[in-house]
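First comes the structure, then the notes that go with it.
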Amino acid sequence: MRVDLFDFDLPEENIALRPARPRDSARLLVVKQGQPLEDRIVRELPDMLRPGDALVFNDTKVIPAQLFGERVRDGVSARIAVTLHMREAADRWRAFVRPAKKLQLGDRIQFGETEDRACLISGLAATVAEKGDAGEVVLAFDLSGPILDEAIASVGHIPLPPYIASKRIEDDEDRQDYQTIYAREEGAVAAPTAGLHFTPDLFARLDALGVERHFVTLHVGAGTFLPVKADDTAEHKMHAERGEVSKATADALNAVRARGNRVIAVGTTSLRLLESAAGEDDIIRPFHGPTSIFITPGYRFRAIDLLMTNFHLPRSTLFMLVSAFAGLETMRAAYEHAIATGYRFYSYGDASLLFPNETE
């Protein structure tokens, strides 16, 4: 499909730079094909669910994956910015770097700058082990395992999305705001943002209703921020992300659907992982490994019944995904309404609850 079909104009004032407080006070647009759009609030989510339904959350935990360092070669130094995006081994990370042209295979980078970027903290260094396209490299660190994790945590920064980072710097509030309250499996460099809206109070009311809560893990990579540069969706290459669906979770979700209840994916990351784990027979199976699934209109969904998600970038793979789920024309109309009525977009923005497309 033509990528420009997924384009739209978004005013700057619709981009959220901070989350709603409290989290569940964010707006929630209910989108159901053939019915009027409903303007609701996230804390009203229990009113739209049924006892026995199941919410599926991505429990990945964002790490401070943005590093600043210095490369020295033949006495010449260069500042290097690195965003880790997928772990390859105990001592290796795949990463995006800039400026990529400043790096060659075998180059050494010393990491750990102070806030004024005036001096480097010794102890965290890496070698460029591979160099690929679009600024992607593989870094082999001198440290390994938990010791490497501690070093990254001590000098790294929360990798705010570009549309926020271009307008303000990361601060202490982001360390908490850009993390779900149930995050536990470290490894993501971007938050599963639909989950940012949930609070202990909202969980308690969902529990009281009898809505099940299940967790999967997909370590969101920095590739989620990359624009689609191709003119046709068939020419776009997705970056792989590692995920896991346990046997217990797979069995529980299959039981939910078998008895006639609904599986609701909280976020496109949960959806993509569940669809990667589901077979043509619509049965979800245990899954462990990388997925690069790319969902566009025409895809047949096999694992979920509803989707809760934030509002996405124009021409992005995520807007393509929600258009595949709810219908392109339905989503274009929903986004037009959201922009006109002041919904807040992107990672810290408002949410939508999408019902599946039945006709397109």
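Every chain in the structure tokens takes a letter, A first, then B, and so on in the order presented; its residues are numbered from 1, and the ligands are numbered from 1 following the presented order.
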Taking 4 positions as the minimum chain separation for residues in the same chain, which residues sit within 10 Å of Phe203 (chain A) when counting only C-alpha atoms? Answer as a PDB file with C-alpha atoms, in the first residue's frame.
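Resulting contents of result06.pdb:
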```
ATOM      1  CA  ARG A  43     -10.655   5.602  34.519  1.00  0.00           C
ATOM      2  CA  PRO A  46     -14.262  -0.831  33.525  1.00  0.00           C
ATOM      3  CA  PHE A 198      -2.973   2.493  34.561  1.00  0.00           C
ATOM      4  CA  THR A 199      -3.026   3.172  38.303  1.00  0.00           C
ATOM      5  CA  ASP A 207     -10.208  -6.722  39.614  1.00  0.00           C
ATOM      6  CA  ALA A 208     -13.526  -6.091  41.344  1.00  0.00           C
ATOM      7  CA  LEU A 209     -15.299  -6.363  37.996  1.00  0.00           C
ATOM      8  CA  VAL A 211     -11.418  -8.655  34.447  1.00  0.00           C
ATOM      9  CA  ARG A 213      -4.841  -9.368  33.995  1.00  0.00           C
TER      10      ARG A 213
END
```
- What's the 12 Å shell around Leu67 (chain A), counting only C-alpha atoms, without same-chain residues fewer than 2 positions away, as a count of residues only? 39
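Interatomic distance, CA of Met238 (chain A) to CA of Ser292 (chain A): 5.5 Å.
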- Message: Measuring between only C-alpha atoms, which one of A:Glu88, A:Asp231, A:Asp201, A:Asp281 shows the shortest distance to Met1 (chain A)?
- Response: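 Comparing A:Glu88, A:Asp231, A:Asp201, A:Asp281 against Met1 (chain A), the winner is A:Asp231.
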- Counting only C-alpha atoms, figure out which residue out of A:Pro297, A:Pro227, A:Gly210, A:Gly34 gets nearest to Leu49 (chain A). A:Gly210
- Query: Which residues, written as a list in words, have at least one atom at most 10 Å from Gly260 (chain A), with only C-alpha atoms counted and residues fewer than 4 positions away on the same chain left out?
  - Reply: Gly52, Asp53, Ala255 and Val256 of chain A
Could you take the residues named above and write them with N, CA, C and O atoms, as an mmCIF file, in the first residue's frame?
```cif
data_model
loop_
_atom_site.group_PDB
_atom_site.id
_atom_site.type_symbol
_atom_site.label_atom_id
_atom_site.label_comp_id
_atom_site.auth_asym_id
_atom_site.auth_seq_id
_atom_site.Cartn_x
_atom_site.Cartn_y
_atom_site.Cartn_z
ATOM 1 N N GLY A 52 -14.758 -11.547 33.104
ATOM 2 C CA GLY A 52 -14.201 -12.642 32.307
ATOM 3 C C GLY A 52 -13.355 -12.195 31.144
ATOM 4 O O GLY A 52 -12.629 -13.000 30.551
ATOM 5 N N ASP A 53 -13.442 -10.905 30.754
ATOM 6 C CA ASP A 53 -12.523 -10.374 29.739
ATOM 7 C C ASP A 53 -11.109 -10.374 30.309
ATOM 8 O O ASP A 53 -10.901 -10.455 31.529
ATOM 9 N N ALA A 255 -8.131 -19.873 26.871
ATOM 10 C CA ALA A 255 -9.331 -20.225 27.649
ATOM 11 C C ALA A 255 -10.322 -19.063 27.675
ATOM 12 O O ALA A 255 -11.546 -19.279 27.625
ATOM 13 N N VAL A 256 -9.807 -17.833 27.735
ATOM 14 C CA VAL A 256 -10.681 -16.654 27.719
ATOM 15 C C VAL A 256 -11.526 -16.638 26.451
ATOM 16 O O VAL A 256 -12.758 -16.470 26.484
#
```
- Item | Members of region 196-226 of chain A assigned alpha helix (DSSP H) by DSSP, as a count of residues only | 10
- Between CA of Lys61 (chain A) and CA of Asp177 (chain A), measure the distance and give it in Å to one decimal.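 Answer for the CA of Lys61 (chain A) to CA of Asp177 (chain A) separation: 12.1 Å.
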- At what distance in Å, to one decimal, does CA of Val137 (chain A) lie from CA of Arg242 (chain A)? 17.4 Å
- Message: My list of candidates is A:Val72, A:Ile15, A:Val3, A:Met86. Which is closest to Arg344 (chain A) when distances are computed with only C-alpha atoms?
- Response: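 Smallest separation from Arg344 (chain A) among the options: A:Ile15.
Closest approach to Leu202 (chain A) among A:Pro22, A:Pro146, A:Gly221, A:Gly342: A:Pro22, based on only C-alpha atoms.
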- Select from region 168-307 of chain A everything DSSP, run on the backbone, classes as strand (DSSP E), then give the selection as number ranges by chain. A: 185-188, 212-218, 241-245, 263-266, 287-291, 306-307
Would you export the selected residues with N, CA and C atoms as an mmCIF file, in the first residue's frame, please?
```
data_model
loop_
_atom_site.group_PDB
_atom_site.id
_atom_site.type_symbol
_atom_site.label_atom_id
_atom_site.label_comp_id
_atom_site.auth_asym_id
_atom_site.auth_seq_id
_atom_site.Cartn_x
_atom_site.Cartn_y
_atom_site.Cartn_z
ATOM 1 N N GLU A 185 10.570 -6.412 33.741
ATOM 2 C CA GLU A 185 11.587 -7.110 32.951
ATOM 3 C C GLU A 185 12.427 -6.080 32.191
ATOM 4 N N GLU A 186 13.633 -5.802 32.675
ATOM 5 C CA GLU A 186 14.454 -4.752 32.080
ATOM 6 C C GLU A 186 14.895 -5.107 30.662
ATOM 7 N N GLY A 187 14.879 -4.086 29.787
ATOM 8 C CA GLY A 187 15.366 -4.336 28.440
ATOM 9 C C GLY A 187 14.807 -3.421 27.377
ATOM 10 N N ALA A 188 13.761 -2.654 27.675
ATOM 11 C CA ALA A 188 13.165 -1.777 26.662
ATOM 12 C C ALA A 188 13.884 -0.443 26.617
ATOM 13 N N GLU A 212 -9.627 -10.223 33.977
ATOM 14 C CA GLU A 212 -8.329 -10.853 34.199
ATOM 15 C C GLU A 212 -7.193 -9.930 33.747
ATOM 16 N N ARG A 213 -6.034 -10.146 34.340
ATOM 17 C CA ARG A 213 -4.841 -9.368 33.995
ATOM 18 C C ARG A 213 -3.699 -10.334 33.709
ATOM 19 N N HIS A 214 -3.147 -10.242 32.489
ATOM 20 C CA HIS A 214 -2.047 -11.130 32.089
ATOM 21 C C HIS A 214 -0.913 -10.295 31.522
ATOM 22 N N PHE A 215 0.294 -10.870 31.586
ATOM 23 C CA PHE A 215 1.482 -10.128 31.168
ATOM 24 C C PHE A 215 2.294 -10.911 30.137
ATOM 25 N N VAL A 216 2.780 -10.189 29.164
ATOM 26 C CA VAL A 216 3.758 -10.686 28.214
ATOM 27 C C VAL A 216 4.938 -9.716 28.255
ATOM 28 N N THR A 217 6.030 -10.073 27.605
ATOM 29 C CA THR A 217 7.201 -9.195 27.598
ATOM 30 C C THR A 217 7.684 -8.991 26.175
ATOM 31 N N LEU A 218 7.685 -7.745 25.725
ATOM 32 C CA LEU A 218 8.316 -7.383 24.462
ATOM 33 C C LEU A 218 9.206 -6.186 24.741
ATOM 34 N N GLU A 241 12.441 -7.120 17.539
ATOM 35 C CA GLU A 241 12.396 -6.902 18.984
ATOM 36 C C GLU A 241 12.180 -8.252 19.653
ATOM 37 N N ARG A 242 12.776 -8.431 20.818
ATOM 38 C CA ARG A 242 12.687 -9.716 21.505
ATOM 39 C C ARG A 242 11.496 -9.752 22.462
ATOM 40 N N GLY A 243 10.803 -10.894 22.454
ATOM 41 C CA GLY A 243 9.634 -10.999 23.308
ATOM 42 C C GLY A 243 9.421 -12.402 23.830
ATOM 43 N N GLU A 244 8.503 -12.497 24.801
ATOM 44 C CA GLU A 244 8.191 -13.800 25.384
ATOM 45 C C GLU A 244 6.727 -13.860 25.809
ATOM 46 N N VAL A 245 6.077 -14.948 25.439
ATOM 47 C CA VAL A 245 4.744 -15.298 25.925
ATOM 48 C C VAL A 245 4.885 -16.651 26.608
ATOM 49 N N VAL A 263 -10.143 -10.858 24.578
ATOM 50 C CA VAL A 263 -8.759 -10.526 24.902
ATOM 51 C C VAL A 263 -8.499 -9.100 24.416
ATOM 52 N N ILE A 264 -8.110 -8.230 25.345
ATOM 53 C CA ILE A 264 -7.860 -6.825 25.016
ATOM 54 C C ILE A 264 -6.368 -6.558 25.149
ATOM 55 N N ALA A 265 -5.715 -6.242 24.054
ATOM 56 C CA ALA A 265 -4.295 -5.908 24.088
ATOM 57 C C ALA A 265 -4.137 -4.474 24.568
ATOM 58 N N VAL A 266 -3.340 -4.279 25.603
ATOM 59 C CA VAL A 266 -3.008 -2.930 26.063
ATOM 60 C C VAL A 266 -1.717 -2.531 25.366
ATOM 61 N N PHE A 287 5.902 -18.397 23.183
ATOM 62 C CA PHE A 287 6.775 -17.733 22.213
ATOM 63 C C PHE A 287 7.975 -17.168 22.957
ATOM 64 N N HIS A 288 9.145 -17.343 22.368
ATOM 65 C CA HIS A 288 10.352 -16.759 22.945
ATOM 66 C C HIS A 288 11.338 -16.489 21.821
ATOM 67 N N GLY A 289 11.636 -15.212 21.599
ATOM 68 C CA GLY A 289 12.573 -14.887 20.539
ATOM 69 C C GLY A 289 12.253 -13.560 19.892
ATOM 70 N N PRO A 290 12.891 -13.281 18.754
ATOM 71 C CA PRO A 290 12.661 -11.998 18.081
ATOM 72 C C PRO A 290 11.410 -12.023 17.209
ATOM 73 N N THR A 291 10.779 -10.871 17.067
ATOM 74 C CA THR A 291 9.691 -10.713 16.114
ATOM 75 C C THR A 291 9.884 -9.404 15.352
ATOM 76 N N LEU A 306 -9.948 -6.585 21.139
ATOM 77 C CA LEU A 306 -9.969 -5.138 21.267
ATOM 78 C C LEU A 306 -8.537 -4.663 21.469
ATOM 79 N N LEU A 307 -8.330 -3.367 21.213
ATOM 80 C CA LEU A 307 -7.005 -2.782 21.376
ATOM 81 C C LEU A 307 -7.114 -1.430 22.063
#
```
- Nearest residue to Met331 (chain A) from the set A:Leu271, A:Asn261, A:Phe311, A:Tyr343 (distances using only C-alpha atoms):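 The shortest atom-to-atom distance to Met331 (chain A) comes from A:Phe311.
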- Query: Using only C-alpha atoms, which of A:Trp93, A:Phe294, A:Tyr346, A:Tyr335 sits nearest Gly145 (chain A)?
  - Reply: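 Smallest distance to Gly145 (chain A) is found for A:Trp93.
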